[in-house]
$ cat data.cif   # mmCIF, C-alpha atoms
data_work
#
loop_
_atom_site.label_atom_id
_atom_site.label_comp_id
_atom_site.auth_asym_id
_atom_site.auth_seq_id
_atom_site.Cartn_x
_atom_site.Cartn_y
_atom_site.Cartn_z
CA MET A 2 2.96 -4.80 -34.17
CA TYR A 3 2.76 -1.86 -36.60
CA GLU A 4 1.28 -2.31 -40.07
CA GLU A 5 0.14 0.23 -42.65
CA GLU A 6 -1.75 -0.67 -45.78
CA SER A 7 -3.05 1.20 -48.82
CA LYS A 8 -5.62 -0.45 -51.08
CA ASN A 9 -4.85 -3.83 -49.48
CA VAL A 10 -1.14 -3.41 -50.19
CA LEU A 11 1.14 -3.66 -47.14
CA LEU A 12 3.37 -0.58 -47.10
CA ARG A 13 5.39 -1.24 -43.97
CA ARG A 14 5.47 -3.52 -40.95
CA GLY A 15 7.43 -3.44 -37.72
CA SER A 16 7.32 -4.70 -34.15
CA VAL A 17 9.19 -4.22 -30.89
CA LYS A 18 9.14 -6.47 -27.83
CA SER A 19 9.33 -5.00 -24.34
CA TYR A 20 9.71 -6.23 -20.76
CA TYR A 21 8.99 -4.31 -17.55
CA GLY A 22 9.65 -4.60 -13.85
CA PHE A 23 8.60 -2.26 -11.05
CA GLY A 24 9.27 -2.05 -7.33
CA GLU A 25 8.32 0.51 -4.67
CA ALA A 26 8.84 0.91 -0.94
CA ALA A 27 7.47 3.46 1.52
CA LEU A 28 8.82 4.05 5.01
CA PRO A 29 6.89 6.09 7.60
CA LEU A 30 9.53 7.59 9.89
CA ILE A 31 7.23 9.72 12.03
CA GLU A 32 3.53 9.21 12.69
CA PRO A 33 1.00 11.50 14.47
CA GLU A 34 0.96 9.00 17.34
CA ASP A 35 4.59 9.86 18.11
CA HIS A 36 3.48 13.29 19.43
CA LEU A 37 6.66 15.12 18.44
CA SER A 38 6.70 18.91 18.74
CA TRP A 39 8.67 19.51 15.54
CA ALA A 40 6.98 17.01 13.23
CA TYR A 41 3.48 15.65 12.77
CA LYS A 42 4.37 13.24 9.98
CA LEU A 43 7.44 12.22 7.97
CA LYS A 44 7.40 9.64 5.21
CA VAL A 45 9.95 8.70 2.55
CA SER A 46 9.43 6.52 -0.50
CA ALA A 47 11.59 5.04 -3.24
CA ALA A 48 10.72 3.30 -6.47
CA VAL A 49 12.54 1.86 -9.45
CA ARG A 50 11.25 0.77 -12.84
CA TYR A 51 13.20 -1.41 -15.22
CA GLU A 52 12.45 -1.50 -18.93
CA TYR A 53 14.06 -3.72 -21.54
CA TYR A 54 13.60 -3.42 -25.29
CA PRO A 55 15.66 -6.08 -27.09
CA GLY A 56 17.86 -4.53 -29.72
CA THR A 57 16.97 -0.98 -28.64
CA ALA A 58 17.81 -0.19 -25.03
CA SER A 59 17.44 -1.14 -21.39
CA VAL A 60 17.32 1.18 -18.41
CA ALA A 61 16.42 1.38 -14.73
CA VAL A 62 14.81 4.68 -13.71
CA PRO A 63 14.51 5.72 -10.04
CA LYS A 64 12.04 7.92 -8.19
CA LEU A 65 12.34 9.31 -4.65
CA GLY A 66 9.64 11.00 -2.60
CA LEU A 67 9.35 12.84 0.71
CA ILE A 68 6.32 14.01 2.73
CA TYR A 69 6.95 16.19 5.77
CA ALA A 70 4.16 17.66 7.89
CA PRO A 71 5.29 20.06 10.64
CA SER A 72 1.68 20.07 11.88
CA SER A 73 -1.68 18.60 10.98
CA ASP A 74 -2.52 21.76 9.01
CA PHE A 75 -0.14 21.44 6.09
CA ASP A 76 2.25 19.08 4.29
CA ILE A 77 5.44 19.70 2.36
CA LYS A 78 5.97 17.21 -0.44
CA ALA A 79 8.98 16.76 -2.71
CA SER A 80 9.87 14.24 -5.39
CA TRP A 81 12.72 13.54 -7.77
CA GLY A 82 12.99 11.03 -10.53
CA ARG A 83 14.08 10.06 -14.00
CA SER A 84 12.00 8.81 -16.91
CA PHE A 85 12.58 6.91 -20.10
CA LYS A 86 10.45 6.66 -23.23
CA VAL A 87 11.10 4.68 -26.39
CA PRO A 88 9.63 5.85 -29.71
CA ILE A 89 6.19 4.50 -30.52
CA LEU A 90 5.89 2.10 -33.45
CA SER A 91 4.54 4.68 -35.91
CA GLN A 92 7.50 6.97 -35.15
CA GLN A 93 9.82 4.14 -36.13
CA PHE A 94 8.02 2.31 -38.91
CA ALA A 95 5.60 4.73 -40.59
CA PRO A 96 6.25 4.60 -44.37
CA HIS A 97 7.85 7.62 -45.98
CA VAL A 98 5.68 9.93 -48.08
CA THR A 99 7.16 12.74 -50.19
CA TYR A 100 5.41 15.96 -51.23
CA GLN A 101 6.61 18.57 -53.72
CA TYR A 102 5.39 22.15 -53.26
CA PRO A 103 6.31 25.57 -54.62
CA ALA A 104 9.07 26.88 -52.37
CA THR A 105 7.06 30.02 -51.62
CA TRP A 106 4.49 27.89 -49.79
CA VAL A 107 6.99 27.19 -47.03
CA GLY A 108 8.38 30.69 -46.55
CA ALA A 109 10.96 30.90 -49.33
CA SER A 110 11.96 34.33 -50.67
CA GLY A 111 14.67 35.37 -53.09
CA TYR A 112 14.67 32.00 -54.86
CA PRO A 113 14.53 31.71 -58.67
CA THR A 114 11.08 31.58 -60.23
CA GLY A 115 9.71 28.04 -60.25
CA SER A 116 11.76 26.87 -57.26
CA THR A 117 10.22 23.92 -55.46
CA VAL A 118 10.71 22.01 -52.24
CA LEU A 119 10.46 18.32 -51.42
CA ILE A 120 9.07 17.45 -47.99
CA ASP A 121 9.73 13.98 -46.61
CA TYR A 122 7.43 12.54 -43.93
CA GLY A 123 7.96 9.17 -42.29
CA GLY A 124 9.32 7.06 -39.46
CA ASN A 125 12.92 6.59 -38.41
CA VAL A 126 14.04 3.12 -37.31
CA ASP A 127 17.23 4.62 -35.86
CA LEU A 128 15.43 6.70 -33.21
CA LYS A 129 16.89 6.35 -29.72
CA PRO A 130 14.96 6.54 -26.43
CA GLU A 131 13.93 9.86 -24.94
CA ARG A 132 15.11 10.55 -21.38
CA ALA A 133 14.16 13.11 -18.76
CA GLY A 134 14.95 14.18 -15.22
CA ASN A 135 12.26 15.83 -13.11
CA TRP A 136 11.60 17.14 -9.65
CA SER A 137 8.66 18.79 -7.93
CA ALA A 138 7.73 20.49 -4.67
CA THR A 139 4.24 20.96 -3.24
CA LEU A 140 2.77 22.81 -0.29
CA ASP A 141 -0.54 21.19 0.68
CA ILE A 142 -2.65 23.29 3.06
CA HIS A 143 -5.62 21.79 4.92
CA PRO A 144 -6.16 23.63 8.23
CA SER A 145 -8.11 21.62 10.80
CA TRP A 146 -9.98 24.72 11.91
CA LEU A 147 -11.35 25.44 8.39
CA LYS A 148 -13.69 22.64 7.42
CA ASN A 149 -13.61 21.34 3.81
CA PHE A 150 -10.82 23.75 2.83
CA ARG A 151 -7.83 22.44 0.95
CA ALA A 152 -5.29 24.31 -1.20
CA SER A 153 -2.10 23.27 -2.94
CA VAL A 154 0.78 25.17 -4.49
CA SER A 155 3.20 23.21 -6.66
CA TYR A 156 6.34 23.75 -8.67
CA PHE A 157 7.84 21.23 -11.06
CA GLU A 158 10.68 21.12 -13.52
CA VAL A 159 11.41 18.64 -16.32
CA ALA A 160 14.69 18.48 -18.26
CA TYR A 161 14.51 16.41 -21.43
CA LYS A 162 17.34 14.75 -23.30
CA ASP A 163 17.09 13.37 -26.85
CA ARG A 164 13.43 14.36 -27.21
CA ILE A 165 11.42 12.59 -29.90
CA VAL A 166 9.44 15.21 -31.79
CA GLN A 167 8.47 16.11 -35.32
CA PRO A 168 10.79 19.09 -35.88
CA VAL A 169 8.71 21.00 -38.43
CA SER A 170 4.96 20.49 -38.15
CA GLY A 171 1.63 22.27 -38.33
CA ALA A 172 1.72 25.99 -39.06
CA ALA A 173 5.53 25.99 -38.60
CA LEU A 174 5.82 24.35 -42.03
CA PHE A 175 4.84 27.64 -43.69
CA SER A 176 7.99 29.29 -42.30
CA ALA A 177 10.36 26.35 -42.72
CA LEU A 178 12.59 28.24 -45.19
CA SER A 179 12.42 31.63 -43.51
CA ASN A 180 12.95 30.68 -39.86
CA PRO A 181 16.61 29.87 -39.11
CA ILE A 182 15.74 27.47 -36.28
CA TYR A 183 14.70 24.91 -38.92
CA ALA A 184 17.91 25.20 -40.96
CA ALA A 185 19.32 21.93 -39.58
CA PHE A 186 16.38 20.04 -41.12
CA VAL A 187 16.71 21.57 -44.58
CA SER A 188 18.99 20.31 -47.34
CA TYR A 189 19.62 23.20 -49.73
CA ASP A 190 20.38 22.62 -53.43
CA PRO A 191 20.20 18.79 -53.42
CA THR A 192 21.58 16.94 -56.43
CA ALA A 193 19.26 15.30 -58.96
CA GLU A 194 20.49 11.92 -57.74
CA GLN A 195 19.58 12.73 -54.12
CA VAL A 196 16.13 13.85 -55.20
CA GLN A 197 15.48 10.69 -57.19
CA GLN A 198 16.73 8.51 -54.32
CA LEU A 199 14.36 10.27 -51.92
CA ILE A 200 11.37 9.79 -54.20
CA ALA A 201 12.31 6.18 -54.98
CA SER A 202 12.50 5.34 -51.27
CA SER A 203 9.05 6.82 -50.56
CA SER A 204 5.89 4.72 -50.51
CA LYS A 205 3.96 7.61 -52.11
CA TYR A 206 4.88 10.78 -53.97
CA TYR A 207 2.59 13.80 -54.48
CA ASP A 208 3.38 16.75 -56.74
CA TYR A 209 1.58 19.99 -55.82
CA SER A 210 4.12 22.25 -57.48
CA GLY A 211 2.08 22.75 -60.64
CA GLY A 212 3.87 20.10 -62.65
CA ALA A 213 2.54 16.81 -63.92
CA GLY A 214 3.94 13.42 -62.97
CA PRO A 215 7.60 13.14 -61.95
CA VAL A 216 9.70 16.02 -60.67
CA ARG A 217 9.97 18.70 -63.36
CA GLN A 218 13.26 20.03 -62.08
CA SER A 219 15.60 19.54 -59.15
CA PRO A 220 13.98 21.15 -56.08
CA SER A 221 15.79 24.02 -54.45
CA CYS A 222 15.75 22.21 -51.11
CA THR A 223 14.39 19.24 -49.23
CA ILE A 224 12.93 19.22 -45.72
CA GLY A 225 13.08 16.19 -43.45
CA MET A 226 10.04 15.75 -41.22
#
$ encode --input "data.cif" --output "structure tokens"
Amino acid sequence: MYEEESKNVLLRRGSVKSYYGFGEAALPLIEPEDHLSWAYKLKVSAAVRYEYYPGTASVAVPKLGLIYAPSSDFDIKASWGRSFKVPILSQQFAPHVTYQYPATWVGASGYPTGSTVLIDYGGNVDLKPERAGNWSATLDIHPSWLKNFRASVSYFEVAYKDRIVQPVSGAALFSALSNPIYAAFVSYDPTAEQVQQLIASSSKYYDYSGGAGPVRQSPSCTIGM
């Protein structure tokens, strides 16, 4: 359950139910007792996790693993899997807050004098789950003739899809209008109606543009956070 209050006034509430299931199996194919010349140990594993979020998504994500030891002195490990992450409650249900700043504060140049920008912060109930595929490989060295020595070298790779992030945050906000990578999150020259709709839908509105009270003029752009 997500709730946010201000001065004992409930601003927004939301909740999401979830159900989980997990299963794993490991199969030792070769053990040291087998005394094979080409393998000291070989073990494979498989796991699956099922997640269900009513009204949002359901998915089963697998994971496979392998441990191969040619000798007692080192192991070669490899794994592959997929992952799944739904947005947390605050990312979905946090109330929207709107700020108005001088456009120059966020990297604007060449705009008319007095240009301002509206910045909208808040959750998004339409967020979809984040997915990823990953794999890793590890060389684990532990020579029997060198007591208490152990070393590992690993490589891993993660490929994300539909990542859930705040697109413009922290110090990046000060270059939001000068860095082209943020252009997709900026609405240039919004209409007065769009501005008023944005402010009306916000739980709070703050004007740091030098004006007093409501918006003095239509901002030059709006930035979605």
$ resolve_selection --input "data.cif" --expression "the PyMOL selection byres ((chain A and resi 124-136) around 8)" --output "ChimeraX atom specification"
/A:57-58,79-88,91-97,122-123,137-138,157-165
$ closest_residue --input "data.cif" --among "A:Arg50, A:Lys78, A:His143, A:Lys42" --to "Tyr21 of chain A" --atoms "only C-alpha atoms"
A:Arg50
$ closest_residue --input "data.cif" --among "A:Ala173, A:Ala48, A:Ile200, A:Leu140" --to "Gly66 of chain A" --atoms "all atoms listed in the file"
A:Ala48
$ residues_near_point --input "data.cif" --point "(1.9, 22.8, 4.4)" --cutoff "9 Å" --atoms "all atoms listed in the file" --output "list in words"
Tyr69, Ala70, Pro71, Ser72, Ser73, Asp74, Phe75, Asp76, Ile77, Lys78, Thr139, Leu140, Asp141, Ile142, His143, Pro144 and Ser153 of chain A
$ write_last_selection --input "data.cif" --atoms "C-alpha atoms" --output "PDB file, in the coordinates of the input"
ATOM      1  CA  TYR A  69       6.950  16.190   5.770  1.00  0.00           C
ATOM      2  CA  ALA A  70       4.160  17.660   7.890  1.00  0.00           C
ATOM      3  CA  PRO A  71       5.290  20.060  10.640  1.00  0.00           C
ATOM      4  CA  SER A  72       1.680  20.070  11.880  1.00  0.00           C
ATOM      5  CA  SER A  73      -1.680  18.600  10.980  1.00  0.00           C
ATOM      6  CA  ASP A  74      -2.520  21.760   9.010  1.00  0.00           C
ATOM      7  CA  PHE A  75      -0.140  21.440   6.090  1.00  0.00           C
ATOM      8  CA  ASP A  76       2.250  19.080   4.290  1.00  0.00           C
ATOM      9  CA  ILE A  77       5.440  19.700   2.360  1.00  0.00           C
ATOM     10  CA  LYS A  78       5.970  17.210  -0.440  1.00  0.00           C
ATOM     11  CA  THR A 139       4.240  20.960  -3.240  1.00  0.00           C
ATOM     12  CA  LEU A 140       2.770  22.810  -0.290  1.00  0.00           C
ATOM     13  CA  ASP A 141      -0.540  21.190   0.680  1.00  0.00           C
ATOM     14  CA  ILE A 142      -2.650  23.290   3.060  1.00  0.00           C
ATOM     15  CA  HIS A 143      -5.620  21.790   4.920  1.00  0.00           C
ATOM     16  CA  PRO A 144      -6.160  23.630   8.230  1.00  0.00           C
ATOM     17  CA  SER A 153      -2.100  23.270  -2.940  1.00  0.00           C
TER      18      SER A 153
END
$ atom_distance --input "data.cif" --atom1 "atom CA of Tyr100 of chain A" --atom2 "atom CA of Ser202 of chain A"
12.8 Å
$ closest_residue --input "data.cif" --among "A:Gln195, A:Ser19, A:Ser176, A:Gln167" --to "Thr105 of chain A" --atoms "all atoms listed in the file"
A:Ser176
$ resolve_selection --input "data.cif" --expression "the PyMOL selection byres ((chain A and resi 23) around 7)" --output "PyMOL selection string"
chain A and resi 21-22+24-25+49-51
$ closest_residue --input "data.cif" --among "A:Val169, A:Val17, A:Ala61, A:Leu67" --to "Leu30 of chain A" --atoms "only C-alpha atoms"
A:Leu67
$ resolve_selection --input "data.cif" --expression "the PyMOL selection byres ((chain A and resi 102) around 6)" --output "ChimeraX atom specification"
/A:101,103,117-118,209-210
$ atom_distance --input "data.cif" --atom1 "atom CA of Tyr20 of chain A" --atom2 "atom CA of Pro168 of chain A"
29.5 Å
$ atom_distance --input "data.cif" --atom1 "atom CA of Ser203 of chain A" --atom2 "atom CA of Ser16 of chain A"
20.1 Å
